[in-house]
>>> print(open('protein_19.txt').read())   # compact mmCIF, N, CA and C atoms
# COMPACT_ATOMS: atom_id res chain seq x y z
N MET S 782 95.29 114.19 70.32
CA MET S 782 93.90 114.13 70.71
C MET S 782 93.49 115.46 71.33
N THR S 783 92.38 116.01 70.92
CA THR S 783 91.88 117.25 71.49
C THR S 783 90.88 116.94 72.59
N ILE S 784 90.81 117.82 73.54
CA ILE S 784 89.92 117.64 74.69
C ILE S 784 88.70 118.53 74.50
N ASP S 785 87.53 117.95 74.69
CA ASP S 785 86.29 118.73 74.65
C ASP S 785 86.16 119.44 76.00
N LEU S 786 86.54 120.72 76.04
CA LEU S 786 86.54 121.46 77.30
C LEU S 786 85.16 121.57 77.92
N ASN S 787 84.12 121.69 77.10
CA ASN S 787 82.75 121.76 77.64
C ASN S 787 82.40 120.47 78.38
N ARG S 788 82.76 119.34 77.80
CA ARG S 788 82.48 118.05 78.45
C ARG S 788 83.30 117.92 79.73
N ALA S 789 84.58 118.31 79.69
CA ALA S 789 85.43 118.23 80.87
C ALA S 789 84.90 119.14 81.98
N GLU S 790 84.49 120.36 81.64
CA GLU S 790 83.94 121.27 82.65
C GLU S 790 82.64 120.73 83.23
N ALA S 791 81.79 120.13 82.40
CA ALA S 791 80.54 119.55 82.90
C ALA S 791 80.83 118.41 83.87
N LEU S 792 81.83 117.58 83.56
CA LEU S 792 82.22 116.50 84.46
C LEU S 792 82.74 117.04 85.78
N MET S 793 83.57 118.09 85.72
CA MET S 793 84.11 118.69 86.95
C MET S 793 83.00 119.29 87.81
N GLU S 794 82.04 119.96 87.19
CA GLU S 794 80.92 120.53 87.95
C GLU S 794 80.10 119.43 88.62
N ARG S 795 79.85 118.36 87.90
CA ARG S 795 79.08 117.25 88.49
C ARG S 795 79.85 116.58 89.62
N MET S 796 81.16 116.42 89.46
CA MET S 796 81.99 115.85 90.53
C MET S 796 81.87 116.69 91.79
N GLN S 797 81.93 118.01 91.64
CA GLN S 797 81.85 118.89 92.80
C GLN S 797 80.49 118.77 93.46
N ARG S 798 79.42 118.76 92.68
CA ARG S 798 78.06 118.63 93.24
C ARG S 798 77.90 117.34 94.01
N LEU S 799 78.47 116.25 93.50
CA LEU S 799 78.32 114.94 94.13
C LEU S 799 79.36 114.66 95.21
N GLY S 800 80.36 115.52 95.32
CA GLY S 800 81.40 115.31 96.32
C GLY S 800 82.40 114.24 95.93
N VAL S 801 82.55 114.00 94.63
CA VAL S 801 83.48 112.99 94.13
C VAL S 801 84.86 113.61 93.97
N ALA S 802 85.89 112.94 94.46
CA ALA S 802 87.25 113.48 94.41
C ALA S 802 88.02 113.04 93.17
N GLU S 803 87.68 111.90 92.60
CA GLU S 803 88.42 111.39 91.45
C GLU S 803 87.47 110.67 90.51
N LEU S 804 87.65 110.88 89.21
CA LEU S 804 86.77 110.28 88.21
C LEU S 804 87.58 109.91 86.99
N GLU S 805 87.34 108.71 86.47
CA GLU S 805 87.93 108.30 85.20
C GLU S 805 86.79 107.74 84.36
N VAL S 806 86.61 108.27 83.16
CA VAL S 806 85.49 107.88 82.33
C VAL S 806 85.90 107.90 80.86
N GLY S 807 85.33 106.98 80.08
CA GLY S 807 85.56 106.95 78.64
C GLY S 807 84.26 107.21 77.93
N TYR S 808 84.32 107.96 76.82
CA TYR S 808 83.12 108.29 76.07
C TYR S 808 83.49 108.53 74.62
N ALA S 809 82.88 107.79 73.71
CA ALA S 809 83.07 107.97 72.26
C ALA S 809 84.55 108.06 71.88
N GLY S 810 85.34 107.15 72.41
CA GLY S 810 86.76 107.13 72.09
C GLY S 810 87.62 108.11 72.86
N GLU S 811 86.99 108.95 73.68
CA GLU S 811 87.73 109.90 74.51
C GLU S 811 87.86 109.33 75.91
N ARG S 812 88.95 109.64 76.61
CA ARG S 812 89.16 109.17 77.97
C ARG S 812 89.49 110.38 78.83
N TYR S 813 88.77 110.51 79.96
CA TYR S 813 88.99 111.61 80.89
C TYR S 813 89.35 111.04 82.25
N ARG S 814 90.36 111.63 82.88
CA ARG S 814 90.71 111.31 84.27
C ARG S 814 90.86 112.66 84.97
N ILE S 815 89.97 112.89 85.93
CA ILE S 815 89.94 114.17 86.63
C ILE S 815 90.11 113.91 88.12
N VAL S 816 91.03 114.63 88.74
CA VAL S 816 91.27 114.52 90.17
C VAL S 816 91.04 115.90 90.76
N ARG S 817 90.15 115.96 91.75
CA ARG S 817 89.78 117.22 92.39
C ARG S 817 90.31 117.19 93.81
N GLN S 818 90.93 118.27 94.25
CA GLN S 818 91.45 118.35 95.61
C GLN S 818 90.74 119.49 96.32
N PRO S 819 89.68 119.16 97.09
CA PRO S 819 88.92 120.19 97.81
C PRO S 819 89.76 120.93 98.84
N VAL S 820 89.31 122.11 99.20
CA VAL S 820 89.96 122.95 100.19
C VAL S 820 89.76 122.35 101.56
N ALA S 821 90.83 122.27 102.36
CA ALA S 821 90.77 121.67 103.69
C ALA S 821 90.21 122.66 104.70
N SER S 822 89.20 122.21 105.47
CA SER S 822 88.68 122.95 106.62
C SER S 822 87.80 122.01 107.40
N GLY S 823 87.79 122.11 108.71
CA GLY S 823 86.90 121.26 109.49
C GLY S 823 87.63 120.43 110.51
N VAL S 824 86.96 119.38 110.99
CA VAL S 824 87.48 118.55 112.05
C VAL S 824 88.30 117.38 111.51
N ALA S 825 87.82 116.72 110.48
CA ALA S 825 88.46 115.51 110.02
C ALA S 825 88.84 115.60 108.56
N SER S 826 89.86 114.85 108.16
CA SER S 826 90.32 114.88 106.78
C SER S 826 90.38 113.47 106.21
N VAL S 827 89.95 113.32 104.98
CA VAL S 827 90.10 112.08 104.26
C VAL S 827 91.45 112.15 103.58
N ALA S 828 92.19 111.08 103.57
CA ALA S 828 93.48 111.08 102.91
C ALA S 828 93.47 110.10 101.76
N PRO S 829 92.79 110.43 100.64
CA PRO S 829 92.83 109.54 99.50
C PRO S 829 94.21 109.60 98.85
N GLN S 830 94.41 108.80 97.83
CA GLN S 830 95.71 108.75 97.19
C GLN S 830 96.13 110.10 96.64
N THR S 831 95.17 110.98 96.32
CA THR S 831 95.50 112.23 95.67
C THR S 831 95.58 113.43 96.59
N GLY S 832 95.23 113.32 97.87
CA GLY S 832 95.31 114.48 98.75
C GLY S 832 94.41 114.33 99.96
N ARG S 833 94.06 115.45 100.58
CA ARG S 833 93.24 115.42 101.78
C ARG S 833 91.93 116.15 101.54
N VAL S 834 90.86 115.62 102.09
CA VAL S 834 89.55 116.23 102.00
C VAL S 834 89.04 116.38 103.41
N SER S 835 88.48 117.50 103.76
CA SER S 835 88.04 117.73 105.12
C SER S 835 86.54 117.57 105.27
N SER S 836 86.13 117.23 106.48
CA SER S 836 84.72 117.10 106.80
C SER S 836 84.20 118.40 107.39
N PRO S 837 82.99 118.81 107.00
CA PRO S 837 82.42 120.01 107.61
C PRO S 837 82.03 119.75 109.07
N VAL S 838 82.05 120.80 109.87
CA VAL S 838 81.68 120.68 111.27
C VAL S 838 80.74 121.81 111.66
N SER S 839 79.97 121.56 112.70
CA SER S 839 79.21 122.64 113.33
C SER S 839 79.61 122.64 114.80
N THR S 840 79.54 123.79 115.43
CA THR S 840 80.04 123.93 116.80
C THR S 840 78.97 124.47 117.73
N LYS S 841 78.91 123.91 118.93
CA LYS S 841 78.05 124.42 120.01
C LYS S 841 78.94 124.60 121.22
N THR S 842 78.89 125.74 121.85
CA THR S 842 79.71 125.99 123.03
C THR S 842 78.81 126.33 124.21
N SER S 843 79.02 125.65 125.34
CA SER S 843 78.29 126.00 126.55
C SER S 843 79.17 126.95 127.36
N ALA S 844 78.56 127.78 128.15
CA ALA S 844 79.29 128.78 128.92
C ALA S 844 80.33 128.10 129.82
N GLY S 845 81.59 128.39 129.58
CA GLY S 845 82.66 127.87 130.41
C GLY S 845 83.03 126.43 130.15
N GLY S 846 82.31 125.73 129.29
CA GLY S 846 82.58 124.32 129.06
C GLY S 846 83.22 124.08 127.70
N PRO S 847 83.52 122.82 127.42
CA PRO S 847 84.13 122.51 126.12
C PRO S 847 83.11 122.68 125.00
N SER S 848 83.61 122.95 123.80
CA SER S 848 82.70 123.09 122.67
C SER S 848 82.45 121.72 122.07
N THR S 849 81.20 121.48 121.67
CA THR S 849 80.82 120.23 121.03
C THR S 849 80.72 120.48 119.54
N ARG S 850 81.34 119.62 118.76
CA ARG S 850 81.33 119.75 117.31
C ARG S 850 80.76 118.49 116.69
N ILE S 851 80.10 118.67 115.57
CA ILE S 851 79.58 117.54 114.81
C ILE S 851 80.50 117.32 113.62
N VAL S 852 81.08 116.13 113.54
CA VAL S 852 81.91 115.76 112.40
C VAL S 852 80.97 115.17 111.36
N SER S 853 80.98 115.75 110.17
CA SER S 853 80.08 115.32 109.09
C SER S 853 80.88 114.77 107.93
N SER S 854 80.23 113.95 107.13
CA SER S 854 80.87 113.41 105.93
C SER S 854 81.11 114.53 104.92
N SER S 855 82.25 114.48 104.26
CA SER S 855 82.58 115.49 103.27
C SER S 855 82.13 115.08 101.87
N MET S 856 81.77 113.81 101.69
CA MET S 856 81.37 113.34 100.37
C MET S 856 80.51 112.09 100.48
N HIS S 857 79.94 111.68 99.36
CA HIS S 857 79.17 110.43 99.30
C HIS S 857 80.13 109.26 99.51
N GLY S 858 79.69 108.27 100.26
CA GLY S 858 80.51 107.08 100.47
C GLY S 858 79.88 106.16 101.48
N VAL S 859 80.64 105.18 101.91
CA VAL S 859 80.19 104.24 102.93
C VAL S 859 81.09 104.42 104.15
N PHE S 860 80.47 104.61 105.33
CA PHE S 860 81.15 104.86 106.60
C PHE S 860 81.48 103.54 107.27
N TYR S 861 82.75 103.37 107.67
CA TYR S 861 83.17 102.17 108.40
C TYR S 861 83.89 102.60 109.67
N ARG S 862 83.53 101.98 110.79
CA ARG S 862 84.14 102.29 112.08
C ARG S 862 85.44 101.54 112.32
N ALA S 863 85.70 100.46 111.55
CA ALA S 863 86.87 99.63 111.78
C ALA S 863 87.57 99.34 110.45
N ALA S 864 88.79 98.82 110.54
CA ALA S 864 89.58 98.52 109.35
C ALA S 864 89.03 97.34 108.57
N GLY S 865 88.22 96.51 109.19
CA GLY S 865 87.65 95.36 108.51
C GLY S 865 86.67 94.62 109.41
N PRO S 866 85.93 93.68 108.85
CA PRO S 866 85.00 92.89 109.65
C PRO S 866 85.73 92.17 110.78
N GLY S 867 85.15 92.22 111.96
CA GLY S 867 85.75 91.57 113.12
C GLY S 867 86.89 92.35 113.76
N GLN S 868 87.27 93.46 113.19
CA GLN S 868 88.33 94.30 113.74
C GLN S 868 87.75 95.26 114.76
N PRO S 869 88.53 95.70 115.74
CA PRO S 869 88.02 96.67 116.71
C PRO S 869 87.79 98.03 116.04
N ALA S 870 86.81 98.76 116.57
CA ALA S 870 86.50 100.10 116.05
C ALA S 870 87.69 101.02 116.31
N PHE S 871 87.89 102.01 115.42
CA PHE S 871 88.98 102.97 115.61
C PHE S 871 88.76 103.78 116.88
N VAL S 872 87.51 104.20 117.12
CA VAL S 872 87.18 104.98 118.32
C VAL S 872 85.82 104.55 118.85
N ASP S 873 85.63 104.71 120.15
CA ASP S 873 84.34 104.44 120.80
C ASP S 873 83.96 105.68 121.60
N VAL S 874 82.72 105.72 122.07
CA VAL S 874 82.27 106.83 122.90
C VAL S 874 83.16 106.92 124.13
N GLY S 875 83.60 108.13 124.45
CA GLY S 875 84.46 108.37 125.60
C GLY S 875 85.95 108.35 125.26
N ALA S 876 86.28 107.91 124.06
CA ALA S 876 87.70 107.82 123.68
C ALA S 876 88.33 109.20 123.55
N ALA S 877 89.55 109.33 124.07
CA ALA S 877 90.34 110.54 123.87
C ALA S 877 91.11 110.34 122.56
N VAL S 878 90.95 111.27 121.64
CA VAL S 878 91.53 111.15 120.30
C VAL S 878 92.61 112.20 120.12
N GLN S 879 93.77 111.77 119.65
CA GLN S 879 94.87 112.68 119.36
C GLN S 879 94.77 113.20 117.94
N GLU S 880 95.36 114.34 117.68
CA GLU S 880 95.40 114.89 116.33
C GLU S 880 96.03 113.88 115.38
N GLY S 881 95.37 113.63 114.26
CA GLY S 881 95.88 112.68 113.27
C GLY S 881 95.42 111.25 113.48
N GLN S 882 94.88 110.93 114.64
CA GLN S 882 94.41 109.57 114.93
C GLN S 882 93.20 109.26 114.04
N THR S 883 93.15 108.04 113.51
CA THR S 883 92.05 107.64 112.63
C THR S 883 90.73 107.59 113.39
N LEU S 884 89.72 108.24 112.81
CA LEU S 884 88.36 108.21 113.36
C LEU S 884 87.52 107.13 112.68
N TYR S 885 87.64 107.04 111.34
CA TYR S 885 86.83 106.11 110.57
C TYR S 885 87.43 105.96 109.18
N ILE S 886 86.82 105.07 108.40
CA ILE S 886 87.18 104.89 106.99
C ILE S 886 85.97 105.29 106.16
N LEU S 887 86.22 105.98 105.06
CA LEU S 887 85.17 106.32 104.11
C LEU S 887 85.52 105.65 102.80
N GLU S 888 84.61 104.80 102.31
CA GLU S 888 84.81 104.14 101.02
C GLU S 888 84.11 104.97 99.96
N VAL S 889 84.89 105.44 99.00
CA VAL S 889 84.37 106.25 97.90
C VAL S 889 84.86 105.62 96.60
N MET S 890 83.96 105.20 95.76
CA MET S 890 84.29 104.60 94.46
C MET S 890 85.34 103.49 94.61
N LYS S 891 85.10 102.57 95.52
CA LYS S 891 85.96 101.41 95.77
C LYS S 891 87.32 101.78 96.35
N THR S 892 87.50 103.03 96.79
CA THR S 892 88.73 103.47 97.42
C THR S 892 88.48 103.70 98.90
N LEU S 893 89.25 103.05 99.76
CA LEU S 893 89.11 103.20 101.20
C LEU S 893 90.07 104.29 101.68
N SER S 894 89.53 105.29 102.37
CA SER S 894 90.34 106.39 102.87
C SER S 894 90.16 106.52 104.37
N ARG S 895 91.28 106.52 105.10
CA ARG S 895 91.21 106.73 106.55
C ARG S 895 91.04 108.21 106.83
N VAL S 896 90.17 108.51 107.78
CA VAL S 896 89.91 109.90 108.14
C VAL S 896 90.42 110.13 109.55
N GLY S 897 91.30 111.12 109.71
CA GLY S 897 91.91 111.39 111.00
C GLY S 897 91.44 112.70 111.59
N ALA S 898 91.52 112.81 112.90
CA ALA S 898 91.15 114.03 113.61
C ALA S 898 92.16 115.12 113.33
N GLU S 899 91.68 116.35 113.18
CA GLU S 899 92.58 117.48 112.94
C GLU S 899 93.03 118.15 114.23
N PHE S 900 92.40 117.80 115.36
CA PHE S 900 92.81 118.34 116.65
C PHE S 900 92.40 117.35 117.73
N PRO S 901 93.00 117.44 118.92
CA PRO S 901 92.63 116.54 120.01
C PRO S 901 91.16 116.73 120.39
N CYS S 902 90.47 115.61 120.62
CA CYS S 902 89.06 115.69 120.99
C CYS S 902 88.64 114.44 121.75
N LYS S 903 87.43 114.48 122.26
CA LYS S 903 86.83 113.34 122.96
C LYS S 903 85.55 112.97 122.22
N ILE S 904 85.36 111.67 121.96
CA ILE S 904 84.16 111.21 121.26
C ILE S 904 82.99 111.23 122.23
N VAL S 905 81.96 112.01 121.90
CA VAL S 905 80.78 112.12 122.75
C VAL S 905 79.68 111.18 122.26
N GLU S 906 79.53 111.08 120.93
CA GLU S 906 78.48 110.24 120.35
C GLU S 906 78.92 109.77 118.98
N ILE S 907 78.58 108.53 118.64
CA ILE S 907 78.80 108.02 117.29
C ILE S 907 77.42 107.98 116.65
N ILE S 908 77.22 108.84 115.67
CA ILE S 908 75.89 109.05 115.09
C ILE S 908 75.61 108.08 113.94
N ALA S 909 76.57 107.87 113.07
CA ALA S 909 76.38 107.01 111.89
C ALA S 909 76.56 105.54 112.27
N GLU S 910 75.89 104.68 111.54
CA GLU S 910 76.00 103.23 111.73
C GLU S 910 77.11 102.68 110.85
N ASP S 911 77.83 101.67 111.35
CA ASP S 911 78.88 101.02 110.58
C ASP S 911 78.29 100.45 109.30
N GLY S 912 78.93 100.73 108.17
CA GLY S 912 78.46 100.22 106.88
C GLY S 912 77.37 101.08 106.24
N GLN S 913 77.03 102.19 106.87
CA GLN S 913 75.96 103.07 106.37
C GLN S 913 76.46 103.92 105.21
N ALA S 914 75.63 104.04 104.17
CA ALA S 914 75.93 104.96 103.08
C ALA S 914 75.65 106.37 103.59
N VAL S 915 76.60 107.28 103.35
CA VAL S 915 76.46 108.66 103.81
C VAL S 915 76.61 109.61 102.62
N GLU S 916 76.13 110.80 102.80
CA GLU S 916 76.25 111.83 101.77
C GLU S 916 76.90 113.05 102.40
N PRO S 917 77.32 114.01 101.59
CA PRO S 917 77.96 115.20 102.16
C PRO S 917 77.07 115.86 103.20
N GLY S 918 77.64 116.19 104.34
CA GLY S 918 76.91 116.84 105.43
C GLY S 918 76.25 115.90 106.40
N ALA S 919 76.27 114.58 106.12
CA ALA S 919 75.67 113.61 107.05
C ALA S 919 76.48 113.58 108.34
N PRO S 920 75.84 113.75 109.52
CA PRO S 920 76.58 113.73 110.78
C PRO S 920 77.12 112.33 111.09
N LEU S 921 78.38 112.27 111.51
CA LEU S 921 79.03 110.99 111.82
C LEU S 921 79.35 110.87 113.30
N PHE S 922 79.92 111.93 113.90
CA PHE S 922 80.33 111.91 115.29
C PHE S 922 79.98 113.25 115.94
N ALA S 923 79.74 113.22 117.25
CA ALA S 923 79.75 114.43 118.07
C ALA S 923 81.01 114.32 118.91
N VAL S 924 81.83 115.40 118.90
CA VAL S 924 83.09 115.40 119.64
C VAL S 924 83.18 116.66 120.48
N GLU S 925 83.94 116.59 121.56
CA GLU S 925 84.26 117.75 122.37
C GLU S 925 85.72 118.10 122.14
N THR S 926 86.01 119.36 122.02
CA THR S 926 87.41 119.76 121.87
C THR S 926 88.13 119.54 123.19
N VAL S 927 89.41 119.19 123.08
CA VAL S 927 90.25 118.95 124.24
C VAL S 927 91.48 119.82 124.10
N ASP S 928 91.86 120.52 125.17
CA ASP S 928 93.07 121.31 125.14
C ASP S 928 94.28 120.39 125.06
N ALA S 929 95.17 120.69 124.14
CA ALA S 929 96.35 119.85 123.93
C ALA S 929 97.36 120.00 125.03
>>> encode(input="protein_19.txt", output="structure tokens")
Amino acid sequence: MTIDLNRAEALMERMQRLGVAELEVGYAGERYRIVRQPVASGVASVAPQTGRVSSPVSTKTSAGGPSTRIVSSSMHGVFYRAAGPGQPAFVDVGAAVQEGQTLYILEVMKTLSRVGAEFPCKIVEIIAEDGQAVEPGAPLFAVETVDA
């Protein structure tokens, strides 16, 4: 079977624009499965089955005080604060978070991915609502950096 490279490239470009990490599609007897692994940078990382995706952040620093960062969604999906209905939230305002500790779950294309902190921080504000659909760049949390 030959691969239509133009079609594959068009699918990859669209995946990148939409923030989709994995796609499987069939068309006219052809089947494509594309897995994209974005470059890691930022405060939080999604750990889907295929790798890690990071969330973009913005930083504000006050003179002599801790820096405040906004943790944003790295892709389209649904934001969940807990592992399931009736379960306690992973973090609440005021919580001290360790590196790697789960902040939230992002559901992307029926895949649930836990997102963990990349450095120790304190939750200042939870901006997104539980169950809210988010898009790339949507603010989720305001956090303060904490010295380890």
>>> closest_residue(input="protein_19.txt", among="S:Val878, S:Arg788, S:Arg850, S:Ile886", to="Ala864 (chain S)", atoms="all atoms listed in the file")
S:Ile886
>>> residues_around(input="protein_19.txt", residues="Lys903 (chain S)", least_positions_apart="3", cutoff="8 Å", atoms="only C-alpha atoms", output="list in words")
Val874, Gly875, Ala876, Ala877, Val878, Val924, Glu925, Thr926 and Val927 of chain S
>>> atom_distance(input="protein_19.txt", atom1="atom N of Glu880 (chain S)", atom2="CA of Glu899 (chain S)")
6.3 Å
>>> atom_distance(input="protein_19.txt", atom1="atom N of Pro866 (chain S)", atom2="atom C of Asp911 (chain S)")
10.2 Å
>>> residues_around(input="protein_19.txt", residues="region 906-909 of chain S", least_positions_apart="6", cutoff="5 Å", atoms="all atoms listed in the file", output="number ranges by chain")
S: 920-923
>>> axis_aligned_box(input="protein_19.txt", around="region 909-926 of chain S", padding_each_side="4 Å", output="lines of an AutoDock Vina configuration file")
center_x = 81.9
center_y = 110.0
center_z = 112.4
size_x = 20.5
size_y = 27.5
size_z = 29.6
>>> closest_residue(input="protein_19.txt", among="S:Ala863, S:Val852, S:Glu910, S:Val801", to="Thr892 (chain S)", atoms="only C-alpha atoms")
S:Val801
>>> closest_residue(input="protein_19.txt", among="S:Leu804, S:Leu884, S:Ala791, S:Ile815", to="Ser853 (chain S)", atoms="only C-alpha atoms")
S:Leu884
>>> atom_distance(input="protein_19.txt", atom1="CA of Phe900 (chain S)", atom2="CA of Met796 (chain S)")
28.4 Å
>>> closest_residue(input="protein_19.txt", among="S:Met856, S:Val872, S:Ala789, S:Leu799", to="Ile904 (chain S)", atoms="all atoms listed in the file")
S:Val872
>>> residues_around(input="protein_19.txt", residues="Glu916 (chain S)", least_positions_apart="5", cutoff="8 Å", atoms="only C-alpha atoms", output="ChimeraX atom specification")
/S:854-858
>>> residues_near_point(input="protein_19.txt", point="(86.9, 103.2, 107.5)", cutoff="8 Å", atoms="only N, CA and C atoms", output="list in words")
Val859, Phe860, Tyr861, Arg862, Ala863, Ala864, Gly865, Leu884, Tyr885, Ile886, Leu887, Glu888, Leu893, Ser894, Arg895 and Val896 of chain S
